[in-house]
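Q: First the structure, then my questions, so here it is.
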2 protein chains.
Amino acid sequence: MADKLMGWDDTIVALATPPGVGAIGVIRLSGSAAWQVADALFPSKDLQVQLPNTLHVGLLKDGDRLLDEVVLSLFQKPKSYTGEDVVEISCHGSPYVQEQVLQACMLHGARMARPGEFTQRAFLNGKLDLTQAEAVADLIASNTAASQRTALHNIRGGFSAVLKSLREHLIRFSALIELELDFSQEDVEFADRSKFYALIQEALQTTEQLRDSFRLGNVIKHGVSVAIVGRPNAGKSTLLNALLNEDRAIVSEIAGTTRDTIEEVLNIDGILFRLIDTAGIRQHTSDVIEHKGIERSLEKIRKADVVLYLFDLASSGLPALAEDLQRLFIPGKQLILCGTKQDLFTPADPDAWLADLNCIRGSFEYAPFIGISARTHTNIELLKTELSRQYTASAALQDQAIVTNARHYEALNQVARSLADIRQGLDNQLPGDLLASDIRRCLHFISEMTGDISNEDVLDYIFSKFCIGK
Amino acid sequence: MADKLMGWDDTIVALATPPGVGAIGVIRLSGSAAWQVADALFPSKDLQVQLPNTLHVGLLKDGDRLLDEVVLSLFQKPKSYTGEDVVEISCHGSPYVQEQVLQACMLHGARMARPGEFTQRAFLNGKLDLTQAEAVADLIASNTAASQRTALHNIRGGFSAVLKSLREHLIRFSALIELELDFSQEDVEFADRSKFYALIQEALQTTEQLRDSFRLGNVIKHGVSVAIVGRPNAGKSTLLNALLNEDRAIVSEIAGTTRDTIEEVLNIDGILFRLIDTAGIRQHTSDVIEHKGIERSLEKIRKADVVLYLFDLASSGLPALAEDLQRLFIPGKQLILCGTKQDLFTPADPDAWLADLNCIRGSFEYAPFIGISARTHTNIELLKTELSRQYTASAALQDQAIVTNARHYEALNQVARSLADIRQGLDNQLPGDLLASDIRRCLHFISEMTGDISNEDVLDYIFSKFCIGK
C-alpha cells in the first residue's frame, strides 16, 4: 500500500509547535535525508557520526548566514515517532526565525509537510494503526480528563486490541471454512458450527457494546449540550455564575467548535458541559416577534442533549412552569426542572404545592425537580450531580475501549449488520462458501477501521484533519 | 549577588512553546531537582543514571494516572541554557494535557517560573551577561533579517565585547592611579597620562559610535515609520498595494507594538517600514472639522521618521504641493515627494514645470522627487530604494555592535558624559584621586549595562518583560 502513495519517501519539514511568539519553537524533519538536511545547516559537528537519541547544541547556519542558536534532537528509524529518521530543531520562539529555519531546510532538500503527514507516515510505517493515529488527533484536541484518558487509551491500542481479537477469531473460522471447501466432495465439517455460533454471539455483543459506547464517546469528545430555558429574570445569569464560579473548563480554540451558539463551558468530573443560553420565553405568544423567539428556543432545545428549565419559585411559579413545558418540551430530552431563588420562597401550603408540581412532572418519564439558590449556594452541587449523573455512572467504562469517532461508529454498524447476517446464515445452515463470503465482508469493515485495508482518499481525508506538524 | 535573590535555587517549570493547539508542546524544568521531578513522573526508566544530552521516550504518569506519551531531553549543569540541571518534556500539543503535566511537575516539587526566569538564571549563573540576555528577548521578537542578525550578534556577545574591552582599559589605568595614590608622598606617576588621554579619546569615539548606532538599532528593532500624506485620490491606496504586492512583511503579534496607528508593514532589504496612513488633506482649512483632520495629520507627521508626500501629477499638481508643504512640513523629517499617475501626465512645458518643482524643493535641504505609476509599476522600485537608502547604507554596520536597547542608550549617555569628565580632568591636570573617582563612575555605568553591577529592581524589570518559559 505504501508504494501507492506518491513520494512518501522524501524528507518533510514543518513547525511542530503552535505558531506565535514563545520562548522556543520546534521544527521537525522526517525522512531518509533528515539527518543530512540538519547536518548541512549545522557546521560545528558531523551529525552523521552521532548516536541516535542524543542532543546537540550549536549554531544553525545557511552558508555564512547565521540563523539561530539551536538544540538538535536526533532520532533514528525505526525508533522515532514516524518510524523514519527524524531531527527536531529547537530554535528561538520568533516566527521570523522559524520561517528562516524552515526555508533553509527546504533549500537543503526537505519539503513542507502536509497536515497530518508525520502521523500518516507513522501509520504507513506500522508505528500506529489507523484508530491509534486518529486518537492522536483526539488527544491534541482533548480538553477534559475524560477526553485525555480515552484518547490515550486508544493511542496505546485499547480500541485496536478489541478489533484485533474479533478479527483473529473470524479469520481462524474463515480459514477452517475455506479448508472445508477444498474437501467439499467429502462432506466434512472442520469448523465447529456450534463453537462458531457462540463466537458470533459474543462478537455481536462486543460490537453492540462498542456502538453503545459511541454516545458516551461523543460526549467525551464533544461535551454535553445543555439548553438553559426560562423566562426573563428566572435567574439564568446568576445560576451561570454560580456554576462557573470554580469549575470553568479549560477550553482551547479548535477549528470547528461551534462557538457562536455556546455561551459557557463547564467541566464536571471530567465531562464537558456546554451551557447554551436560549432566548427568554415570554407569556404572550400572539406577538409575532415573541413567537419567533420561542421558535429559536425550540431549535436550540432540539439540538441539546439536556434541557435545564429554570423558573422563579416566588414570582412566576408553577403556572408558568406548566404553561412553558407544554409549549416547549420535546420528547426524548433529558429534562431538569430547576426552581430558583429558593431562599426567598416558602409555599403557603407545602403539600398542595408539591402535589401541583408532581402533577406537572407526571407527564414526563423522568424530570427531577431541584430547588436552588445561587445566592446562598443551596443545591448548586446537587444540580451538578444531576447534570453529570448518567455520564459519570458510565465513568467505569472509561478504562474500556470507547468509540469517539463517527467513522468507526459507521463501520461498527456495518460490522454488526454482517455479524447478524453470519448468525442468520448459521441458523439457516447456509453452505460454507456463502458463510465465508459473509465473514470476508465483516473482516473488510473491521480492517477498514484499523487501516489494514484502506484507500488513499480515506487516508487523505483522515490525515488532512490533523494540524500541520503532526 | 546571586544569594541576594530569594529562592533562586529551587526548581522552576513553565511551558516554553507558544500557548495553543499544535502537534507538540515543550515544558521546561530547571533547577537542582529538575531530573528528580521528571524521574518521579517517568516510571519506565531511572533517569538519575542516564547520561546528559540524551533523549528518552516513555509514558508520563502521575501515580497511576497516565498523563501523556512524551520525549524527555536531559541536560546537566553547567551545560544547559540556564546553567542548571534542565529537563525538557516534549508532550502532545493539547493545552489541557500541558496544563496537567505542569500541575504534575508542581505537585512533585517544581514551582511555576516567572516571566524571563529561565534567562535570569542563565544570567545569574554566568551563562550570559545582561546585554546578551536582553538580546534573547530581541531575537524572540525579531521579525526581519536585520533584527534577527543584530539580536544574534548581541546574544553571541558582540556588544558585550566592545564594553568589556572599554572596561578593561579603564580598570588597568584606574589600578595604576590607585597605585600612585599609595605612593602619593613620593610624587611619582605610574600611569602614563598621555597614553591614557589617547585611550579616553578612543573610548569616547567608540561610545559615540555606539550611541549613534542606536538610531539604526531602534529602526532595526521597531522599524521606520513612514507617514503617507496626500489629498484624497492622490493615489495612496494604489501605491500601498503596489508596495505591498510582493514584499509584505512577516509581522508577529508582539505586546506593545502600536497596531492601532499602523496601517501596513513593509520589509525592504531586511528593514521594517511601518506605513502610516494620514487623513487626506483638503484645501479649505476654514472648515473646523477639516482643520482637525490636518491637526491629526501633523501629529502623525511629527511622530514619523519619514514623510512620503503624494500628489496627483495631472490633477492637483504643483500648486497643491506648494500649498500643502507650507502647511504641513515639520523640519528635521526625511521628506520624499512622490508624483503619482506619471503615465497619465505630460507637462505642457517640461522645463518650466521642472523649474517650478525645483523652486518648491528649494526650501528643503533634501527632498527627492520621484514620479511613479502604480498601474505600470514605474519607479516603484526606485521609491523603495529611496525609502531604505539611508538605512541600507548603514547595513555594513550590522556586523558591528548595534545598540537596540533604550536602557543601554541611556547608560551610554552616562558613560560618554563621564568619559568627557575624565578627559577634562586630564586637560586640567586633576590630581589622581579625583581622576580615579571619575573613572569609577564611568566603570559603574558600563557594569550596569553588562549586569556586573545590578540591583534586584533593575533585574526584575528587565526579565519581567520576557515571555513566560524563557
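Residue numbering restarts at 1 for every chain of the C-alpha cells, chains are lettered A, B, ... in their displayed order, and ligands are numbered from 1 as they appear.
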Restrict the distance test to only C-alpha atoms, flag each residue of chain B within 7 Å of chain A, and return the flagged residues as a PyMOL selection string.
A: chain B and resi 16-25+53-55+68+92-96+139-144+152+250+252+467+469-470
Q: For Ala33 of chain A, work out the shell of residues within 9 Å, counting only C-alpha atoms and skipping chain neighbours fewer than 5 positions away, then give it as a VMD selection string.
A: chain A and resid 10 to 11 38 85 to 86 109 to 110
Q: Using only C-alpha atoms, which of B:Arg361, B:Arg114, B:His377, B:Arg167 sits nearest His444 of chain B?
A: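 With only C-alpha atoms as the atom set, the closest residue is B:Arg167.
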Q: I need the residues of segment 2-162 of chain A that end up classed as alpha helix (DSSP H) by DSSP on the backbone, written out as number ranges by chain.
A: A: 34-41, 95-107, 117-124, 130-141, 145-155, 158-162
Q: Just how far from atom CA of Glu264 of chain A is atom CA of Ala227 of chain A, in Å to one decimal?
A: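 Rounded to one decimal, the two atoms are 11.1 Å apart.
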Q: Could you state the separation of atom CA of Leu318 of chain A and atom CA of Asn379 of chain A in Å, given to one decimal place?
A: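 Here the two named atoms are 19.4 Å from each other.
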Q: Could you check how far atom CA of Arg28 of chain B sits from atom CA of Lys61 of chain B, in Å to one decimal?
A: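 Pair atom CA of Arg28 of chain B / atom CA of Lys61 of chain B returns 16.8 Å.
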Q: List as a count of residues only the protein and nucleic acid residues near Tyr391 of chain B, meaning an atom at most 12 Å away when only C-alpha atoms are counted, but skip any in the same chain fewer than 3 places from it.
A: 28
Q: Which residues, written as a PyMOL selection string, have at least one atom at most 7 Å from segment 410-424 of chain B, with only C-alpha atoms counted and residues fewer than 2 positions away on the same chain left out?
A: chain B and resi 197+200+204+207+211+406-408+426-428+435+438-439+441-442+445-446+449
Q: As a ChimeraX atom specification, please: the residues near Asp356 of chain B (cut-off 10 Å, only C-alpha atoms, same-chain neighbours under 5 positions excluded).
A: /B:318-319,322,350-351,361-362
Q: I want to know what sits within 10 Å of Leu128 of chain A, based on only C-alpha atoms, with residues of the same chain fewer than 2 positions away left out; could you give that as a ChimeraX atom specification?
A: /A:81-83,119-126,130-136,155-157,160,450-451
Q: Could you take the residues named above and write them with N, CA and C atoms, as a PDB file, in the first residue's frame?
A:
```
ATOM      1  N   TYR A  81       8.962   8.868  16.108  1.00  0.00           N
ATOM      2  CA  TYR A  81       7.509   8.996  16.009  1.00  0.00           C
ATOM      3  C   TYR A  81       7.002   8.461  14.674  1.00  0.00           C
ATOM      4  N   THR A  82       7.694   8.833  13.586  1.00  0.00           N
ATOM      5  CA  THR A  82       7.229   8.438  12.259  1.00  0.00           C
ATOM      6  C   THR A  82       7.744   7.066  11.841  1.00  0.00           C
ATOM      7  N   GLY A  83       8.732   6.541  12.574  1.00  0.00           N
ATOM      8  CA  GLY A  83       9.377   5.310  12.145  1.00  0.00           C
ATOM      9  C   GLY A  83      10.483   5.572  11.132  1.00  0.00           C
ATOM     10  N   THR A 119       2.086  11.907  11.132  1.00  0.00           N
ATOM     11  CA  THR A 119       1.312  10.796  11.691  1.00  0.00           C
ATOM     12  C   THR A 119       0.948   9.800  10.597  1.00  0.00           C
ATOM     13  N   GLN A 120       0.679  10.304   9.388  1.00  0.00           N
ATOM     14  CA  GLN A 120       0.387   9.425   8.263  1.00  0.00           C
ATOM     15  C   GLN A 120       1.578   8.497   7.997  1.00  0.00           C
ATOM     16  N   ARG A 121       2.783   9.058   8.089  1.00  0.00           N
ATOM     17  CA  ARG A 121       3.977   8.231   7.893  1.00  0.00           C
ATOM     18  C   ARG A 121       4.125   7.206   9.024  1.00  0.00           C
ATOM     19  N   ALA A 122       3.813   7.645  10.238  1.00  0.00           N
ATOM     20  CA  ALA A 122       3.856   6.696  11.365  1.00  0.00           C
ATOM     21  C   ALA A 122       2.932   5.523  11.072  1.00  0.00           C
ATOM     22  N   PHE A 123       1.754   5.829  10.496  1.00  0.00           N
ATOM     23  CA  PHE A 123       0.798   4.783  10.119  1.00  0.00           C
ATOM     24  C   PHE A 123       1.359   3.902   9.001  1.00  0.00           C
ATOM     25  N   LEU A 124       1.890   4.545   7.954  1.00  0.00           N
ATOM     26  CA  LEU A 124       2.417   3.785   6.812  1.00  0.00           C
ATOM     27  C   LEU A 124       3.601   2.912   7.216  1.00  0.00           C
ATOM     28  N   ASN A 125       4.350   3.355   8.233  1.00  0.00           N
ATOM     29  CA  ASN A 125       5.493   2.573   8.691  1.00  0.00           C
ATOM     30  C   ASN A 125       5.124   1.586   9.795  1.00  0.00           C
ATOM     31  N   GLY A 126       3.807   1.460  10.051  1.00  0.00           N
ATOM     32  CA  GLY A 126       3.370   0.452  11.019  1.00  0.00           C
ATOM     33  C   GLY A 126       3.614   0.830  12.472  1.00  0.00           C
ATOM     34  N   LEU A 130      -4.677   2.756  12.220  1.00  0.00           N
ATOM     35  CA  LEU A 130      -5.452   3.941  11.897  1.00  0.00           C
ATOM     36  C   LEU A 130      -6.227   4.471  13.109  1.00  0.00           C
ATOM     37  N   THR A 131      -6.764   3.546  13.921  1.00  0.00           N
ATOM     38  CA  THR A 131      -7.529   4.012  15.085  1.00  0.00           C
ATOM     39  C   THR A 131      -6.602   4.706  16.081  1.00  0.00           C
ATOM     40  N   GLN A 132      -5.356   4.246  16.174  1.00  0.00           N
ATOM     41  CA  GLN A 132      -4.401   4.906  17.065  1.00  0.00           C
ATOM     42  C   GLN A 132      -4.017   6.281  16.523  1.00  0.00           C
ATOM     43  N   ALA A 133      -3.807   6.358  15.206  1.00  0.00           N
ATOM     44  CA  ALA A 133      -3.458   7.634  14.593  1.00  0.00           C
ATOM     45  C   ALA A 133      -4.575   8.650  14.805  1.00  0.00           C
ATOM     46  N   GLU A 134      -5.818   8.178  14.655  1.00  0.00           N
ATOM     47  CA  GLU A 134      -6.945   9.091  14.859  1.00  0.00           C
ATOM     48  C   GLU A 134      -7.022   9.547  16.315  1.00  0.00           C
ATOM     49  N   ALA A 135      -6.596   8.668  17.240  1.00  0.00           N
ATOM     50  CA  ALA A 135      -6.618   9.041  18.658  1.00  0.00           C
ATOM     51  C   ALA A 135      -5.588  10.119  18.970  1.00  0.00           C
ATOM     52  N   VAL A 136      -4.517  10.202  18.161  1.00  0.00           N
ATOM     53  CA  VAL A 136      -3.529  11.274  18.351  1.00  0.00           C
ATOM     54  C   VAL A 136      -4.205  12.632  18.153  1.00  0.00           C
ATOM     55  N   ILE A 155      -4.750   5.590  21.761  1.00  0.00           N
ATOM     56  CA  ILE A 155      -3.408   5.693  21.168  1.00  0.00           C
ATOM     57  C   ILE A 155      -2.613   4.450  21.527  1.00  0.00           C
ATOM     58  N   ARG A 156      -2.760   4.002  22.764  1.00  0.00           N
ATOM     59  CA  ARG A 156      -1.994   2.845  23.214  1.00  0.00           C
ATOM     60  C   ARG A 156      -2.620   1.541  22.743  1.00  0.00           C
ATOM     61  N   GLY A 157      -3.655   1.631  21.893  1.00  0.00           N
ATOM     62  CA  GLY A 157      -4.169   0.432  21.244  1.00  0.00           C
ATOM     63  C   GLY A 157      -5.362  -0.205  21.928  1.00  0.00           C
ATOM     64  N   SER A 160      -7.998  -0.800  19.269  1.00  0.00           N
ATOM     65  CA  SER A 160      -7.397  -1.721  18.307  1.00  0.00           C
ATOM     66  C   SER A 160      -7.385  -3.146  18.839  1.00  0.00           C
ATOM     67  N   THR A 450      -9.095  -0.310  11.222  1.00  0.00           N
ATOM     68  CA  THR A 450      -7.702  -0.327  11.667  1.00  0.00           C
ATOM     69  C   THR A 450      -6.751   0.148  10.582  1.00  0.00           C
ATOM     70  N   GLY A 451      -7.270   0.274   9.343  1.00  0.00           N
ATOM     71  CA  GLY A 451      -6.405   0.730   8.262  1.00  0.00           C
ATOM     72  C   GLY A 451      -5.666  -0.403   7.582  1.00  0.00           C
TER      73      GLY A 451
END
```
Q: Could you name the residues that touch Leu239 of chain A at 10 Å or less, counting only C-alpha atoms, but leaving out those on the same chain fewer than 4 positions away, as a list in words?
A: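 Selected residues are Ala234, Gly235, Leu243, Leu244, Asn245, Leu310, Thr340, Lys341, Ile372, Ser373, Ala374, Arg375, His377 and Ile380 of chain A.
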